[in-house]
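Structure file protein-v4.pdb with PDB, C-alpha atoms:
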```
ATOM      1  CA  MET Z   6      -0.878   4.790  13.358  1.00  0.00           C
ATOM      2  CA  ARG Z   7      -0.367   6.604  10.057  1.00  0.00           C
ATOM      3  CA  VAL Z   8       1.983   4.712   7.742  1.00  0.00           C
ATOM      4  CA  GLY Z   9       2.557   5.942   4.209  1.00  0.00           C
ATOM      5  CA  ARG Z  10       3.915   9.424   3.700  1.00  0.00           C
ATOM      6  CA  ILE Z  11       2.736   9.747   0.082  1.00  0.00           C
ATOM      7  CA  LYS Z  12      -0.684   8.104   0.546  1.00  0.00           C
ATOM      8  CA  PRO Z  13      -1.561   6.702   3.978  1.00  0.00           C
ATOM      9  CA  CYS Z  14      -2.304   2.994   4.277  1.00  0.00           C
ATOM     10  CA  ARG Z  15      -5.773   2.172   5.575  1.00  0.00           C
ATOM     11  CA  LEU Z  16      -8.432  -0.493   5.817  1.00  0.00           C
ATOM     12  CA  ILE Z  17     -11.182  -0.149   3.228  1.00  0.00           C
ATOM     13  CA  ARG Z  18     -14.617  -1.681   3.836  1.00  0.00           C
ATOM     14  CA  LEU Z  19     -15.831  -3.354   0.675  1.00  0.00           C
ATOM     15  CA  GLU Z  20     -19.372  -3.046  -0.614  1.00  0.00           C
ATOM     16  CA  GLN Z  21     -21.167  -6.179   0.581  1.00  0.00           C
ATOM     17  CA  HIS Z  22     -24.400  -7.784  -0.582  1.00  0.00           C
ATOM     18  CA  ILE Z  23     -25.472 -10.450   1.903  1.00  0.00           C
ATOM     19  CA  ASP Z  24     -28.592 -12.593   1.697  1.00  0.00           C
ATOM     20  CA  PRO Z  25     -29.554 -16.220   2.410  1.00  0.00           C
ATOM     21  CA  ARG Z  26     -27.582 -17.356  -0.661  1.00  0.00           C
ATOM     22  CA  GLY Z  27     -24.322 -15.993   0.781  1.00  0.00           C
ATOM     23  CA  SER Z  28     -22.179 -12.903   0.358  1.00  0.00           C
ATOM     24  CA  LEU Z  29     -21.008 -10.906  -2.633  1.00  0.00           C
ATOM     25  CA  SER Z  30     -18.162  -8.416  -2.186  1.00  0.00           C
ATOM     26  CA  VAL Z  31     -17.694  -5.680  -4.800  1.00  0.00           C
ATOM     27  CA  ILE Z  32     -14.510  -3.850  -5.816  1.00  0.00           C
ATOM     28  CA  GLU Z  33     -14.642  -1.283  -8.595  1.00  0.00           C
ATOM     29  CA  SER Z  34     -11.609   0.237 -10.269  1.00  0.00           C
ATOM     30  CA  GLY Z  35     -11.369   3.951  -9.523  1.00  0.00           C
ATOM     31  CA  MET Z  36     -14.276   3.813  -7.059  1.00  0.00           C
ATOM     32  CA  THR Z  37     -13.588   1.339  -4.247  1.00  0.00           C
ATOM     33  CA  VAL Z  38      -9.907   2.051  -4.709  1.00  0.00           C
ATOM     34  CA  GLY Z  39      -8.666   5.360  -6.073  1.00  0.00           C
ATOM     35  CA  PHE Z  40      -6.549   3.733  -8.750  1.00  0.00           C
ATOM     36  CA  PRO Z  41      -7.137   1.817 -11.981  1.00  0.00           C
ATOM     37  CA  ILE Z  42      -6.681  -1.923 -11.470  1.00  0.00           C
ATOM     38  CA  LYS Z  43      -4.017  -3.109 -13.935  1.00  0.00           C
ATOM     39  CA  ARG Z  44      -2.979  -6.423 -12.372  1.00  0.00           C
ATOM     40  CA  VAL Z  45      -4.599  -9.028 -10.125  1.00  0.00           C
ATOM     41  CA  TYR Z  46      -2.805 -11.907  -8.437  1.00  0.00           C
ATOM     42  CA  TYR Z  47      -3.304 -14.142  -5.448  1.00  0.00           C
ATOM     43  CA  MET Z  48      -1.142 -16.110  -3.046  1.00  0.00           C
ATOM     44  CA  HIS Z  49      -2.246 -19.483  -1.743  1.00  0.00           C
ATOM     45  CA  GLY Z  50      -0.864 -22.800  -0.568  1.00  0.00           C
ATOM     46  CA  GLN Z  51       1.522 -21.374   2.013  1.00  0.00           C
ATOM     47  CA  PRO Z  52       2.476 -24.028   4.568  1.00  0.00           C
ATOM     48  CA  GLU Z  53       1.718 -23.158   8.192  1.00  0.00           C
ATOM     49  CA  SER Z  54       5.425 -22.543   8.811  1.00  0.00           C
ATOM     50  CA  SER Z  55       5.759 -20.479   5.622  1.00  0.00           C
ATOM     51  CA  PRO Z  56       8.556 -17.905   5.611  1.00  0.00           C
ATOM     52  CA  PRO Z  57       7.383 -14.294   5.184  1.00  0.00           C
ATOM     53  CA  ARG Z  58       6.286 -13.064   1.759  1.00  0.00           C
ATOM     54  CA  GLY Z  59       6.629  -9.580   0.323  1.00  0.00           C
ATOM     55  CA  LEU Z  60       9.821  -8.183   1.817  1.00  0.00           C
ATOM     56  CA  HIS Z  61       9.828  -5.311  -0.657  1.00  0.00           C
ATOM     57  CA  GLY Z  62       8.498  -1.830  -1.353  1.00  0.00           C
ATOM     58  CA  HIS Z  63       7.285  -0.046  -4.484  1.00  0.00           C
ATOM     59  CA  ARG Z  64       8.213   3.333  -5.860  1.00  0.00           C
ATOM     60  CA  THR Z  65       4.797   4.165  -7.375  1.00  0.00           C
ATOM     61  CA  LEU Z  66       2.559   1.073  -7.225  1.00  0.00           C
ATOM     62  CA  GLU Z  67      -0.647   1.106  -5.159  1.00  0.00           C
ATOM     63  CA  GLN Z  68      -2.318  -2.079  -3.942  1.00  0.00           C
ATOM     64  CA  LEU Z  69      -5.404  -3.397  -2.232  1.00  0.00           C
ATOM     65  CA  VAL Z  70      -4.764  -6.649  -0.331  1.00  0.00           C
ATOM     66  CA  ILE Z  71      -7.679  -8.849   0.762  1.00  0.00           C
ATOM     67  CA  ALA Z  72      -7.777 -12.054   2.789  1.00  0.00           C
ATOM     68  CA  VAL Z  73     -10.428 -13.808   0.711  1.00  0.00           C
ATOM     69  CA  HIS Z  74      -9.956 -16.950   2.807  1.00  0.00           C
ATOM     70  CA  GLY Z  75      -8.175 -17.542   6.107  1.00  0.00           C
ATOM     71  CA  GLY Z  76      -5.958 -14.808   7.457  1.00  0.00           C
ATOM     72  CA  PHE Z  77      -2.475 -13.338   7.629  1.00  0.00           C
ATOM     73  CA  SER Z  78      -0.597 -10.348   9.007  1.00  0.00           C
ATOM     74  CA  ILE Z  79       0.940  -7.502   7.014  1.00  0.00           C
ATOM     75  CA  SER Z  80       3.659  -5.373   8.584  1.00  0.00           C
ATOM     76  CA  LEU Z  81       4.053  -1.945   6.965  1.00  0.00           C
ATOM     77  CA  ASP Z  82       6.974   0.464   7.269  1.00  0.00           C
ATOM     78  CA  ASP Z  83       7.418   3.831   5.531  1.00  0.00           C
ATOM     79  CA  GLY Z  84      10.863   4.522   7.015  1.00  0.00           C
ATOM     80  CA  PHE Z  85       9.387   6.684   9.791  1.00  0.00           C
ATOM     81  CA  GLN Z  86       6.408   4.747  11.185  1.00  0.00           C
ATOM     82  CA  SER Z  87       5.488   1.080  11.212  1.00  0.00           C
ATOM     83  CA  THR Z  88       2.405  -0.954  12.073  1.00  0.00           C
ATOM     84  CA  THR Z  89       0.926  -4.399  11.551  1.00  0.00           C
ATOM     85  CA  TYR Z  90      -2.564  -5.292  10.341  1.00  0.00           C
ATOM     86  CA  ARG Z  91      -4.218  -8.688  10.646  1.00  0.00           C
ATOM     87  CA  LEU Z  92      -6.497  -9.430   7.694  1.00  0.00           C
ATOM     88  CA  GLU Z  93      -9.074 -12.150   8.327  1.00  0.00           C
ATOM     89  CA  GLU Z  94     -12.307 -11.123   6.641  1.00  0.00           C
ATOM     90  CA  PRO Z  95     -13.101 -10.929   2.927  1.00  0.00           C
ATOM     91  CA  GLY Z  96     -15.271  -7.831   3.434  1.00  0.00           C
ATOM     92  CA  ALA Z  97     -12.281  -5.525   3.971  1.00  0.00           C
ATOM     93  CA  GLY Z  98      -9.048  -4.795   2.157  1.00  0.00           C
ATOM     94  CA  LEU Z  99      -5.835  -3.068   3.133  1.00  0.00           C
ATOM     95  CA  TYR Z 100      -4.807  -0.185   0.875  1.00  0.00           C
ATOM     96  CA  ILE Z 101      -1.013   0.086   0.568  1.00  0.00           C
ATOM     97  CA  GLY Z 102       0.328   3.170  -1.172  1.00  0.00           C
ATOM     98  CA  PRO Z 103       3.714   3.856  -2.736  1.00  0.00           C
ATOM     99  CA  MET Z 104       6.945   3.951  -0.716  1.00  0.00           C
ATOM    100  CA  VAL Z 105       5.799   1.446   1.913  1.00  0.00           C
ATOM    101  CA  TRP Z 106       7.827  -1.667   2.749  1.00  0.00           C
ATOM    102  CA  ARG Z 107       5.591  -4.673   3.356  1.00  0.00           C
ATOM    103  CA  VAL Z 108       5.995  -8.113   4.924  1.00  0.00           C
ATOM    104  CA  LEU Z 109       3.208 -10.723   4.815  1.00  0.00           C
ATOM    105  CA  LYS Z 110       3.442 -13.412   7.491  1.00  0.00           C
ATOM    106  CA  ASP Z 111       1.612 -15.657   9.950  1.00  0.00           C
ATOM    107  CA  PHE Z 112      -0.597 -17.280   7.325  1.00  0.00           C
ATOM    108  CA  ALA Z 113      -3.464 -19.379   8.682  1.00  0.00           C
ATOM    109  CA  PRO Z 114      -3.922 -22.780   6.972  1.00  0.00           C
ATOM    110  CA  ASP Z 115      -5.498 -22.577   3.504  1.00  0.00           C
ATOM    111  CA  SER Z 116      -5.269 -18.766   3.365  1.00  0.00           C
ATOM    112  CA  VAL Z 117      -5.747 -16.944   0.089  1.00  0.00           C
ATOM    113  CA  ALA Z 118      -4.425 -13.390  -0.293  1.00  0.00           C
ATOM    114  CA  LEU Z 119      -5.865 -11.459  -3.250  1.00  0.00           C
ATOM    115  CA  VAL Z 120      -3.898  -8.433  -4.471  1.00  0.00           C
ATOM    116  CA  LEU Z 121      -5.189  -5.727  -6.827  1.00  0.00           C
ATOM    117  CA  ALA Z 122      -2.420  -3.543  -8.237  1.00  0.00           C
ATOM    118  CA  SER Z 123      -2.377  -0.170  -9.989  1.00  0.00           C
ATOM    119  CA  ARG Z 124       0.380  -1.109 -12.447  1.00  0.00           C
ATOM    120  CA  HIS Z 125       1.523  -3.986 -14.564  1.00  0.00           C
ATOM    121  CA  TYR Z 126       4.587  -5.828 -13.249  1.00  0.00           C
ATOM    122  CA  GLU Z 127       7.708  -3.677 -13.610  1.00  0.00           C
ATOM    123  CA  GLU Z 128      10.851  -4.814 -11.800  1.00  0.00           C
ATOM    124  CA  SER Z 129      12.164  -1.228 -11.842  1.00  0.00           C
ATOM    125  CA  ASP Z 130       9.290  -0.195  -9.506  1.00  0.00           C
ATOM    126  CA  TYR Z 131      10.457  -2.593  -6.771  1.00  0.00           C
ATOM    127  CA  TYR Z 132      12.720  -1.941  -3.815  1.00  0.00           C
ATOM    128  CA  ARG Z 133      14.259  -5.313  -2.967  1.00  0.00           C
ATOM    129  CA  ASP Z 134      16.915  -3.918  -0.612  1.00  0.00           C
ATOM    130  CA  TYR Z 135      15.627  -2.426   2.651  1.00  0.00           C
ATOM    131  CA  ASP Z 136      18.562  -0.015   3.104  1.00  0.00           C
ATOM    132  CA  THR Z 137      18.026   1.442  -0.377  1.00  0.00           C
ATOM    133  CA  PHE Z 138      14.318   1.772   0.389  1.00  0.00           C
ATOM    134  CA  LEU Z 139      15.087   3.604   3.658  1.00  0.00           C
ATOM    135  CA  ARG Z 140      17.531   5.984   1.947  1.00  0.00           C
ATOM    136  CA  ASP Z 141      14.904   6.984  -0.618  1.00  0.00           C
ATOM    137  CA  ALA Z 142      12.070   7.111   1.943  1.00  0.00           C
ATOM    138  CA  TRP Z 143      14.085   9.446   4.158  1.00  0.00           C
ATOM    139  CA  SER Z 144      14.823  11.720   1.185  1.00  0.00           C
ATOM    140  CA  LEU Z 145      11.068  12.355   0.842  1.00  0.00           C
ATOM    141  CA  ASN Z 146      10.942  14.162   4.192  1.00  0.00           C
TER     142      ASN Z 146
END
```

Since I need it in another form, could you write the structure as structure tokens?
Amino acid sequence: MRVGRIKPCRLIRLEQHIDPRGSLSVIESGMTVGFPIKRVYYMHGQPESSPPRGLHGHRTLEQLVIAVHGGFSISLDDGFQSTTYRLEEPGAGLYIGPMVWRVLKDFAPDSVALVLASRHYEESDYYRDYDTFLRDAWSLN
């Protein structure tokens, strides 16, 4: 299912180097992801009954989300289509483009979600209200 009218969301396989010592996953700004990485953050310590995270959209921000440990689901909605991905392996990341509402949920115990973002934090880039997000998403058609 194609979600993301500006830039479609998709799973990206990360470059992996695996040998008897373990695994090394590589992400390069502008190469693995088509955007410069300006901010990195991670979520961890969610209790098993954790309420959903995210619950917002971005006007211009692009992200790559990786389950570096454990797993969780991400529901995506661009105002026209919606889908849910389950991330459970550190060798793949979910690209989320602009104008996509996201909800992270169903965290497995001890999960760690790593997020690489194309912009520094700017509150003005966020949609916190779903109805406002939908109004603007529909105007892109």

CA of Arg58 (chain Z) and CA of Ser78 (chain Z), how far apart in Å?
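These two atoms are separated by 10.4 Å.
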
Residue with smallest distance to Gln86 (chain Z) - pool Z:Phe40, Z:Tyr100, Z:Trp106, Z:Tyr47, counting only C-alpha atoms:
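Selected residue with least distance to Gln86 (chain Z): Z:Trp106.
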
Any chance you could work out the residue set of the PyMOL selection byres ((chain Z and resi 98) around 7) here, as a PDB file with C-alpha atoms, in the frame of the given file?
```pdb
ATOM      1  CA  LEU Z  16      -8.432  -0.493   5.817  1.00  0.00           C
ATOM      2  CA  ILE Z  17     -11.182  -0.149   3.228  1.00  0.00           C
ATOM      3  CA  ARG Z  18     -14.617  -1.681   3.836  1.00  0.00           C
ATOM      4  CA  LEU Z  69      -5.404  -3.397  -2.232  1.00  0.00           C
ATOM      5  CA  VAL Z  70      -4.764  -6.649  -0.331  1.00  0.00           C
ATOM      6  CA  ILE Z  71      -7.679  -8.849   0.762  1.00  0.00           C
ATOM      7  CA  ALA Z  97     -12.281  -5.525   3.971  1.00  0.00           C
ATOM      8  CA  LEU Z  99      -5.835  -3.068   3.133  1.00  0.00           C
ATOM      9  CA  TYR Z 100      -4.807  -0.185   0.875  1.00  0.00           C
TER      10      TYR Z 100
END
```

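Between CA of Gln51 (chain Z) and CA of Pro114 (chain Z) lies a distance of 7.5 Å.
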
Residues near Ala118 (chain Z), cut-off 10 Å, all atoms listed in the file, skip fewer than 4 positions along chain, as a PyMOL selection string
chain Z and resi 46-49+70-77+92-93+95+109+112

Do you know which residues are at most 9 Å from Ile32 (chain Z) counting all atoms listed in the file, after dropping those on the same chain fewer than 5 positions away, and could you put them as a list in words?
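Within the cut-off, the hits are Leu19, Glu20, Thr37 and Val38 of chain Z.
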
List the residues selected by the PyMOL selection byres ((chain Z and resi 6-15) around 9) in the file shown, writing them as a list of chain:residue names.
Z:Leu16, Z:Ile17, Z:Leu81, Z:Asp82, Z:Asp83, Z:Gly84, Z:Phe85, Z:Gln86, Z:Ser87, Z:Thr88, Z:Gly98, Z:Leu99, Z:Tyr100, Z:Ile101, Z:Gly102, Z:Pro103, Z:Met104, Z:Val105, Z:Ala142, Z:Leu145, Z:Asn146

Next, write the just-selected residues to a file, as a compact mmCIF listing (two decimals), keeping the file's coordinate frame, keeping C-alpha atoms as the atom set.
```txt
# COMPACT_ATOMS: atom_id res chain seq x y z
CA LEU Z 16 -8.43 -0.49 5.82
CA ILE Z 17 -11.18 -0.15 3.23
CA LEU Z 81 4.05 -1.94 6.96
CA ASP Z 82 6.97 0.46 7.27
CA ASP Z 83 7.42 3.83 5.53
CA GLY Z 84 10.86 4.52 7.02
CA PHE Z 85 9.39 6.68 9.79
CA GLN Z 86 6.41 4.75 11.18
CA SER Z 87 5.49 1.08 11.21
CA THR Z 88 2.40 -0.95 12.07
CA GLY Z 98 -9.05 -4.80 2.16
CA LEU Z 99 -5.84 -3.07 3.13
CA TYR Z 100 -4.81 -0.18 0.88
CA ILE Z 101 -1.01 0.09 0.57
CA GLY Z 102 0.33 3.17 -1.17
CA PRO Z 103 3.71 3.86 -2.74
CA MET Z 104 6.94 3.95 -0.72
CA VAL Z 105 5.80 1.45 1.91
CA ALA Z 142 12.07 7.11 1.94
CA LEU Z 145 11.07 12.36 0.84
CA ASN Z 146 10.94 14.16 4.19
```

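The interatomic distance for the pair CA of Val108 (chain Z) and CA of Ser80 (chain Z) works out to 5.1 Å.
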
Edge lengths and centre in Å to one decimal, as JSON, of the axis-aligned box that encloses all listed atoms of region 90-101 of chain Z with 5 Å added on every side?
```
{"center_x": -8.1, "center_y": -6.0, "center_z": 5.6, "size_x": 24.3, "size_y": 22.2, "size_z": 20.1}
```

Apply the PyMOL selection byres ((chain Z and resi 42) around 7) to the file shown and report the selected residues as a compact mmCIF listing (two decimals) with C-alpha atoms, in the frame of the given file.
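Saved file selection-v3.txt follows:
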```
# COMPACT_ATOMS: atom_id res chain seq x y z
CA SER Z 34 -11.61 0.24 -10.27
CA PHE Z 40 -6.55 3.73 -8.75
CA PRO Z 41 -7.14 1.82 -11.98
CA LYS Z 43 -4.02 -3.11 -13.94
CA ARG Z 44 -2.98 -6.42 -12.37
CA LEU Z 121 -5.19 -5.73 -6.83
CA ALA Z 122 -2.42 -3.54 -8.24
CA SER Z 123 -2.38 -0.17 -9.99
```

Distance query Tyr131 (chain Z) at most 7 Å, all atoms listed in the file, self and fewer than 5 positions along chain excluded, as an MDAnalysis selection string:
chainID Z and resid 61:64

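Ranking Z:His22, Z:Glu53, Z:Leu66, Z:Glu94 by their shortest atom-to-atom distance to Leu119 (chain Z), with only C-alpha atoms included, puts Z:Glu94 first.
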
Using only C-alpha atoms, can you tell me which of Z:Val117, Z:Ile79, Z:Val45, Z:Leu139 comes closest to Glu67 (chain Z)?
Z:Val45
